[in-house]
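Dropping start-v4.cif in here (mmCIF, C-alpha atoms and all ligand atoms):
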```cif
data_my_file
loop_
_atom_site.label_atom_id
_atom_site.label_comp_id
_atom_site.auth_asym_id
_atom_site.auth_seq_id
_atom_site.Cartn_x
_atom_site.Cartn_y
_atom_site.Cartn_z
CA MET A 1 86.25 91.38 89.55
CA ALA A 2 89.42 89.56 90.54
CA LYS A 3 91.66 91.33 93.01
CA ILE A 4 95.27 91.07 91.99
CA ILE A 5 97.67 91.68 94.84
CA SER A 6 101.39 91.25 95.26
CA PHE A 7 103.59 91.28 98.34
CA CYS A 8 106.78 92.67 96.95
CA SER A 9 110.12 94.28 97.70
CA GLN A 10 113.44 94.92 96.02
CA LYS A 11 115.25 93.35 98.93
CA GLY A 12 115.68 89.59 99.09
CA GLY A 13 114.54 87.53 102.05
CA VAL A 14 111.99 89.93 103.52
CA GLY A 15 109.26 87.29 103.38
CA LYS A 16 107.51 87.74 100.03
CA THR A 17 107.09 84.02 99.39
CA SER A 18 106.27 83.15 103.00
CA ILE A 19 103.61 85.83 103.43
CA THR A 20 102.11 85.20 99.97
CA THR A 21 101.79 81.52 100.88
CA HIS A 22 100.23 82.16 104.31
CA VAL A 23 97.80 84.75 102.98
CA ALA A 24 96.75 82.60 99.99
CA THR A 25 96.14 79.56 102.16
CA TYR A 26 94.24 81.50 104.81
CA TYR A 27 91.95 83.19 102.29
CA TYR A 28 91.28 79.94 100.49
CA GLN A 29 90.73 77.67 103.46
CA VAL A 30 89.31 79.95 106.15
CA GLU A 31 87.69 82.86 104.29
CA GLY A 32 86.43 80.50 101.56
CA ILE A 33 87.50 82.78 98.71
CA PRO A 34 88.69 81.30 95.38
CA VAL A 35 92.43 81.88 95.18
CA THR A 36 94.98 81.53 92.39
CA VAL A 37 98.69 82.08 92.91
CA PHE A 38 101.19 83.01 90.22
CA ASP A 39 104.76 82.25 91.14
CA CYS A 40 106.80 84.54 88.89
CA ASP A 41 110.00 84.35 90.87
CA TYR A 42 111.94 82.77 88.03
CA PRO A 43 114.06 80.64 88.26
CA GLN A 44 113.72 79.96 92.01
CA HIS A 45 109.97 79.33 91.97
CA SER A 46 110.16 78.74 95.70
CA LEU A 47 106.42 79.00 96.26
CA ASN A 48 105.87 76.17 93.83
CA SER A 49 108.63 74.23 95.58
CA ILE A 50 106.74 74.55 98.86
CA ARG A 51 103.71 72.97 97.15
CA GLU A 52 105.84 70.20 95.63
CA SER A 53 107.45 69.29 98.94
CA GLU A 54 104.00 69.24 100.55
CA ILE A 55 102.79 66.82 97.87
CA GLN A 56 105.72 64.56 98.75
CA ARG A 57 104.88 64.88 102.44
CA LEU A 58 101.25 63.90 101.78
CA LYS A 59 102.58 60.63 100.37
CA SER A 60 104.81 59.82 103.33
CA ASP A 61 103.13 61.39 106.38
CA GLU A 62 99.71 59.90 107.12
CA SER A 63 98.71 62.40 109.81
CA TYR A 64 99.55 65.28 107.46
CA TYR A 65 97.49 63.62 104.74
CA LYS A 66 94.52 63.28 107.13
CA LYS A 67 94.85 66.90 108.21
CA ALA A 68 94.78 68.06 104.58
CA GLU A 69 91.93 65.68 103.76
CA ARG A 70 89.80 67.07 106.60
CA LEU A 71 89.89 70.47 104.87
CA GLY A 72 87.81 68.82 102.16
CA LYS A 73 89.00 70.91 99.22
CA MET A 74 91.33 70.53 96.30
CA PRO A 75 94.31 72.84 96.79
CA TYR A 76 94.29 76.22 95.06
CA PRO A 77 96.22 76.37 91.78
CA ILE A 78 99.79 77.68 91.65
CA TYR A 79 101.14 78.60 88.22
CA SER A 80 104.88 79.08 87.75
CA ASP A 81 106.12 81.10 84.84
CA SER A 82 108.19 84.13 83.99
CA LEU A 83 106.67 87.48 84.77
CA ILE A 84 106.30 88.40 81.11
CA ASN A 85 104.45 85.16 80.27
CA THR A 86 102.18 85.64 83.27
CA LEU A 87 100.75 88.99 82.14
CA PRO A 88 98.26 87.64 79.54
CA LYS A 89 97.21 84.92 81.98
CA LEU A 90 96.31 87.58 84.54
CA ASP A 91 94.07 89.25 81.98
CA SER A 92 91.99 86.12 81.69
CA PHE A 93 91.01 86.62 85.36
CA ASN A 94 89.26 89.91 84.64
CA LYS A 95 85.76 88.50 84.91
CA LYS A 96 86.41 86.07 87.75
CA ASN A 97 85.62 86.82 91.36
CA GLU A 98 88.92 85.62 92.74
CA LEU A 99 91.84 86.67 94.82
CA VAL A 100 94.97 86.44 92.70
CA LEU A 101 98.31 86.66 94.47
CA VAL A 102 101.53 87.13 92.55
CA ASP A 103 104.95 86.27 94.00
CA LEU A 104 107.41 88.52 92.19
CA PRO A 105 111.19 88.41 91.87
CA GLY A 106 113.21 90.50 94.33
CA THR A 107 114.04 93.04 91.62
CA LEU A 108 111.97 95.48 89.60
CA ASN A 109 114.48 95.35 86.79
CA VAL A 110 112.83 92.46 84.99
CA ASP A 111 110.92 92.19 81.73
CA GLY A 112 107.24 92.88 82.16
CA PHE A 113 107.42 94.64 85.51
CA PRO A 114 105.62 97.83 84.33
CA GLY A 115 102.90 95.64 82.78
CA MET A 116 102.55 93.81 86.08
CA VAL A 117 102.19 97.04 88.07
CA LYS A 118 99.54 98.17 85.61
CA ARG A 119 97.47 95.10 86.42
CA LEU A 120 97.81 95.11 90.21
CA ASP A 121 94.97 96.24 92.47
CA ALA A 122 97.46 96.65 95.31
CA ALA A 123 101.14 96.30 96.01
CA ILE A 124 102.05 95.47 99.59
CA LEU A 125 105.68 96.26 100.26
CA LEU A 126 107.21 94.20 103.01
CA ILE A 127 109.60 96.08 105.22
CA GLU A 128 111.95 95.18 108.04
CA ALA A 129 113.17 97.54 110.74
CA ASP A 130 116.74 97.85 109.58
CA PRO A 131 118.28 100.76 107.67
CA ILE A 132 119.01 98.75 104.50
CA SER A 133 115.51 97.36 104.28
CA PHE A 134 114.06 100.78 105.04
CA GLU A 135 116.10 102.50 102.32
CA SER A 136 115.39 99.82 99.77
CA THR A 137 111.67 100.07 100.54
CA MET A 138 111.74 103.83 99.92
CA HIS A 139 113.39 103.10 96.54
CA THR A 140 110.69 100.57 95.78
CA VAL A 141 107.99 103.13 96.62
CA LEU A 142 109.59 105.59 94.18
CA ALA A 143 109.83 102.92 91.51
CA MET A 144 106.16 102.00 92.03
CA ALA A 145 105.26 105.66 91.66
CA SER A 146 107.04 105.77 88.29
CA PHE A 147 104.72 103.14 86.76
CA ASP A 148 101.14 103.85 85.76
CA ASN A 149 98.45 101.66 87.21
CA LYS A 150 95.22 100.71 85.36
CA ASN A 151 93.52 103.53 87.29
CA GLY A 152 95.89 106.06 85.76
CA GLY A 153 97.82 106.98 88.91
CA MET A 154 100.11 105.08 91.23
CA VAL A 155 99.17 101.52 92.13
CA PRO A 156 97.56 101.54 95.61
CA THR A 157 100.59 100.79 97.76
CA TYR A 158 100.81 99.66 101.38
CA LEU A 159 103.76 99.09 103.67
CA LEU A 160 103.72 96.08 105.97
CA TRP A 161 106.23 95.32 108.70
CA ASN A 162 107.41 91.76 108.62
CA LYS A 163 109.64 90.00 111.17
CA TYR A 164 108.37 92.46 113.78
CA ASP A 165 110.47 92.05 116.86
CA ILE A 166 108.33 92.60 119.96
CA ARG A 167 111.50 93.05 122.07
CA VAL A 168 112.33 96.21 120.14
CA ARG A 169 110.82 99.37 121.61
CA GLU A 170 107.56 100.21 119.88
CA ASP A 171 108.72 103.77 119.25
CA ARG A 172 111.47 102.49 116.91
CA TYR A 173 108.76 101.33 114.50
CA ALA A 174 106.63 104.44 115.06
CA ASN A 175 109.68 106.66 114.40
CA LEU A 176 110.55 104.82 111.21
CA GLU A 177 106.94 105.13 110.03
CA GLN A 178 107.04 108.85 110.71
CA ALA A 179 110.40 109.17 108.92
CA ALA A 180 108.95 107.44 105.84
CA ILE A 181 105.86 109.65 105.82
CA THR A 182 107.93 112.84 106.25
CA TYR A 183 110.33 111.77 103.49
CA LEU A 184 107.49 111.05 101.04
CA GLU A 185 105.62 114.25 101.94
CA GLY A 186 108.85 116.12 101.16
CA LEU A 187 109.01 114.51 97.72
CA ASN A 188 105.34 115.23 97.06
CA LYS A 189 105.93 118.99 97.21
CA ASP A 190 107.63 118.78 93.80
CA ARG A 191 105.38 116.18 92.22
CA LYS A 192 102.26 116.61 90.09
CA THR A 193 100.87 113.21 91.09
CA PRO A 194 101.50 112.60 94.78
CA ILE A 195 103.05 109.41 96.10
CA ASN A 196 100.43 107.86 98.28
CA VAL A 197 101.35 104.97 100.57
CA LYS A 198 99.91 103.77 103.87
CA PHE A 199 101.34 101.59 106.61
CA LEU A 200 99.14 98.65 107.47
CA LYS A 201 98.47 98.53 111.22
CA TYR A 202 99.22 94.85 111.70
CA ARG A 203 102.88 93.91 112.04
CA ILE A 204 103.74 90.33 111.25
CA PRO A 205 105.82 89.04 114.15
CA GLN A 206 109.22 87.42 113.82
CA SER A 207 108.14 83.90 114.61
CA VAL A 208 109.36 80.36 114.18
CA ASN A 209 105.73 79.44 113.64
CA ILE A 210 105.60 81.55 110.48
CA GLN A 211 108.73 79.82 109.21
CA ASP A 212 107.85 76.28 110.15
CA TYR A 213 104.16 76.16 109.27
CA ARG A 214 104.39 77.79 105.85
CA SER A 215 101.89 75.74 103.87
CA THR A 216 99.95 75.92 100.63
CA LEU A 217 97.41 73.53 102.13
CA ILE A 218 96.94 74.17 105.84
CA PRO A 219 96.02 77.65 107.10
CA HIS A 220 97.82 79.29 109.98
CA ARG A 221 96.19 81.50 112.63
CA THR A 222 99.14 83.90 112.91
CA ILE A 223 98.04 85.50 109.68
CA GLU A 224 94.41 86.04 110.74
CA PRO A 225 94.72 89.70 111.90
CA LEU A 226 96.44 90.59 108.63
CA VAL A 227 93.68 88.99 106.58
CA HIS A 228 91.04 90.85 108.61
CA GLU A 229 92.84 94.13 107.97
CA LEU A 230 93.22 93.34 104.26
CA ASN A 231 89.49 92.57 104.12
CA LYS A 232 88.74 96.06 105.39
CA THR A 233 91.32 97.88 103.28
CA LEU A 234 91.45 95.99 99.99
CA VAL A 235 89.74 92.73 99.38
CA SER A 236 86.09 93.59 100.01
CA ASN A 237 86.64 97.12 98.74
CA SER A 238 85.85 96.46 95.06
N1 LIG A 301 107.57 86.68 110.04
C1 LIG A 301 108.60 85.85 109.93
N2 LIG A 301 109.16 85.28 111.03
C2 LIG A 301 110.21 84.46 110.93
N3 LIG A 301 110.80 84.11 109.78
C3 LIG A 301 110.29 84.64 108.66
C4 LIG A 301 109.17 85.52 108.66
N4 LIG A 301 108.90 85.87 107.38
C5 LIG A 301 109.80 85.22 106.61
N5 LIG A 301 110.65 84.50 107.39
C6 LIG A 301 111.79 83.70 106.94
O1 LIG A 301 112.68 84.55 106.22
C7 LIG A 301 113.31 83.81 105.16
C8 LIG A 301 113.04 84.51 103.84
O2 LIG A 301 111.65 84.42 103.58
P1 LIG A 301 111.09 84.30 102.10
O3 LIG A 301 111.79 83.24 101.35
O4 LIG A 301 109.62 84.22 102.24
O5 LIG A 301 111.53 85.73 101.58
P2 LIG A 301 111.50 86.26 100.07
O6 LIG A 301 111.32 87.74 100.20
O7 LIG A 301 110.49 85.53 99.29
O8 LIG A 301 112.96 85.90 99.58
P3 LIG A 301 113.52 85.95 98.06
O9 LIG A 301 113.91 87.39 97.85
O10 LIG A 301 114.69 85.03 98.09
O11 LIG A 301 112.42 85.52 97.15
C9 LIG A 301 112.74 82.39 105.23
O12 LIG A 301 113.62 81.59 105.98
C10 LIG A 301 111.43 82.58 105.98
O13 LIG A 301 111.03 81.43 106.67
MG MG A 302 110.71 84.49 97.47
#
```
Rewrite the coordinates I just gave you, this time as structure tokens.
Ligand SMILES: Nc1ncnc2c1ncn2[C@@H]1O[C@H](COP(=O)(O)OP(=O)(O)OP(=O)(O)O)[C@@H](O)[C@H]1O
Ligand SMILES: [Mg+2]
Amino acid sequence: MAKIISFCSQKGGVGKTSITTHVATYYYQVEGIPVTVFDCDYPQHSLNSIRESEIQRLKSDESYYKKAERLGKMPYPIYSDSLINTLPKLDSFNKKNELVLVDLPGTLNVDGFPGMVKRLDAAILLIEADPISFESTMHTVLAMASFDNKNGGMVPTYLLWNKYDIRVREDRYANLEQAAITYLEGLNKDRKTPINVKFLKYRIPQSVNIQDYRSTLIPHRTIEPLVHELNKTLVSNS
């Protein structure tokens, strides 16, 4: 069974495209798992643009070409289309044993979004430690809870800190996590189907490395602990 996962958020610039790219490349190149990426962030299609600029770089930068060649594999496919056109394509992955990552637009108010949530095996909501990001993530959680997943309930949803600032006191993050859990538990008292979200333990650091070495070809070690955690929580858990 394919695993269909999306890193998403209703707030722009939290790292959806960057983390999707890093995770896809790491799984494909290091974990050796077949990967397909759907770039549904119409009309930006920035994930596809990363691939296109890398193709240009392969032509002009010999050492980059050699580095990519040493990996010994054709790059994983990236398909760019609108979200609504992508839905039937996702269905054709039902029988494949692949990891499918979907880069979504920064809004849920787009044609086909409920159909997308129905098909996801997990939604990973990226969150930053600022009040606007926090509030917008809580709204996204509520929106996710309003759509039915293929399993009948809420799509399995995880929260993942991105741009984690190690200079900030650890208890700021712990307090925000507690505030989110308390808020959602409060809502659950009045709900028939509870909202169920978990924070992933790994926090992706704010790092120039993550910005500069974003690649659809060459894997980056910074993402390794996240992939190991995803392996335990989602990917191998079929
Ligand atoms: N962990 C990180 N450390 C440093 N910079 C990061 C990190 N994650 C993302 N960025 C940077 O943040 C900016 C926004 O990232 P990205 O484009 O991936 O976000 P997005 O959520 O896909 O944005 P959009 O809503 O426009 O699609 C980029 O400059 C990216 O390099
Ligand atoms: Mg993006």
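Shell of A:Thr21 at 9 Å, with all atoms listed in the file counted and residues fewer than 2 places along the chain excluded, is A:Lys16, A:Thr17, A:Ser18, A:Ile19, A:Val23, A:Ala24, A:Thr25, A:Tyr26, A:Val37, A:Leu47, A:Ile50, A:Leu101, A:Asp103, A:Arg214, A:Ser215, A:Thr216.
For the pair atom CA of A:Thr36 and atom CA of A:Val100, the interatomic distance is 4.9 Å.
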Worksheet item: So how far away is atom O10 of ligand LIG 301 (chain A) from atom CA of A:Phe7, in Å?
Response: 12.7 Å
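For the choices A:Asn85, A:Ser49, A:Thr20, A:Ser136, the atom-to-atom distance to ligand LIG 301 (chain A) is smallest for A:Thr20 when using only C-alpha atoms and all ligand atoms.
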Worksheet entry | Residues near A:Thr137, cut-off 10 Å, all atoms listed in the file, skip fewer than 2 positions along chain, as a ChimeraX atom specification | /A:8-11,125-128,131-135,139-143,159,180
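The two atoms in question, atom CA of A:Ser80 and atom CA of A:Asp41, are spaced 8.0 Å apart.
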Practice prompt. Return as a list in words the residues of protein, DNA or RNA that approach ligand LIG 301 (chain A) to within 6 Å, with all atoms listed in the file taken into account.
Written response: Gly12, Gly13, Val14, Gly15, Lys16, Thr17, Ser18, Gly106, Asn162, Lys163, Ile204, Pro205, Gln206, Ser207, Val208, Ile210 and Gln211 of chain A
Practice prompt. For A:Glu224, work out the shell of residues within 10 Å, counting only C-alpha atoms and skipping chain neighbours fewer than 3 positions away, then give it as a ChimeraX atom specification.
Written response: /A:22-23,26-27,30-31,219-221,227-230
Item to complete: Excluding A:Ser92 and any residue of its chain fewer than 6 positions from it, enumerate the residues within 12 Å of it, using all atoms listed in the file, and give them as a list in words.
Response: Met1, Ala2, Ile4, Thr86, Glu98, Val100 and Arg119 of chain A
Practice prompt. Please identify all polymer residues within 10 Å of A:Pro88, counting only C-alpha atoms, omitting same-chain residues fewer than 4 positions from it, and present them as a PyMOL selection string.
Written response: chain A and resi 83-84+92-93+115-116
Worksheet item: Given the choices A:Gly186, A:Pro43, A:Pro114, A:Gly153, which gets closest to ligand MG 302 (chain A) if the distance is worked out from only C-alpha atoms and all ligand atoms?
Response: A:Pro43
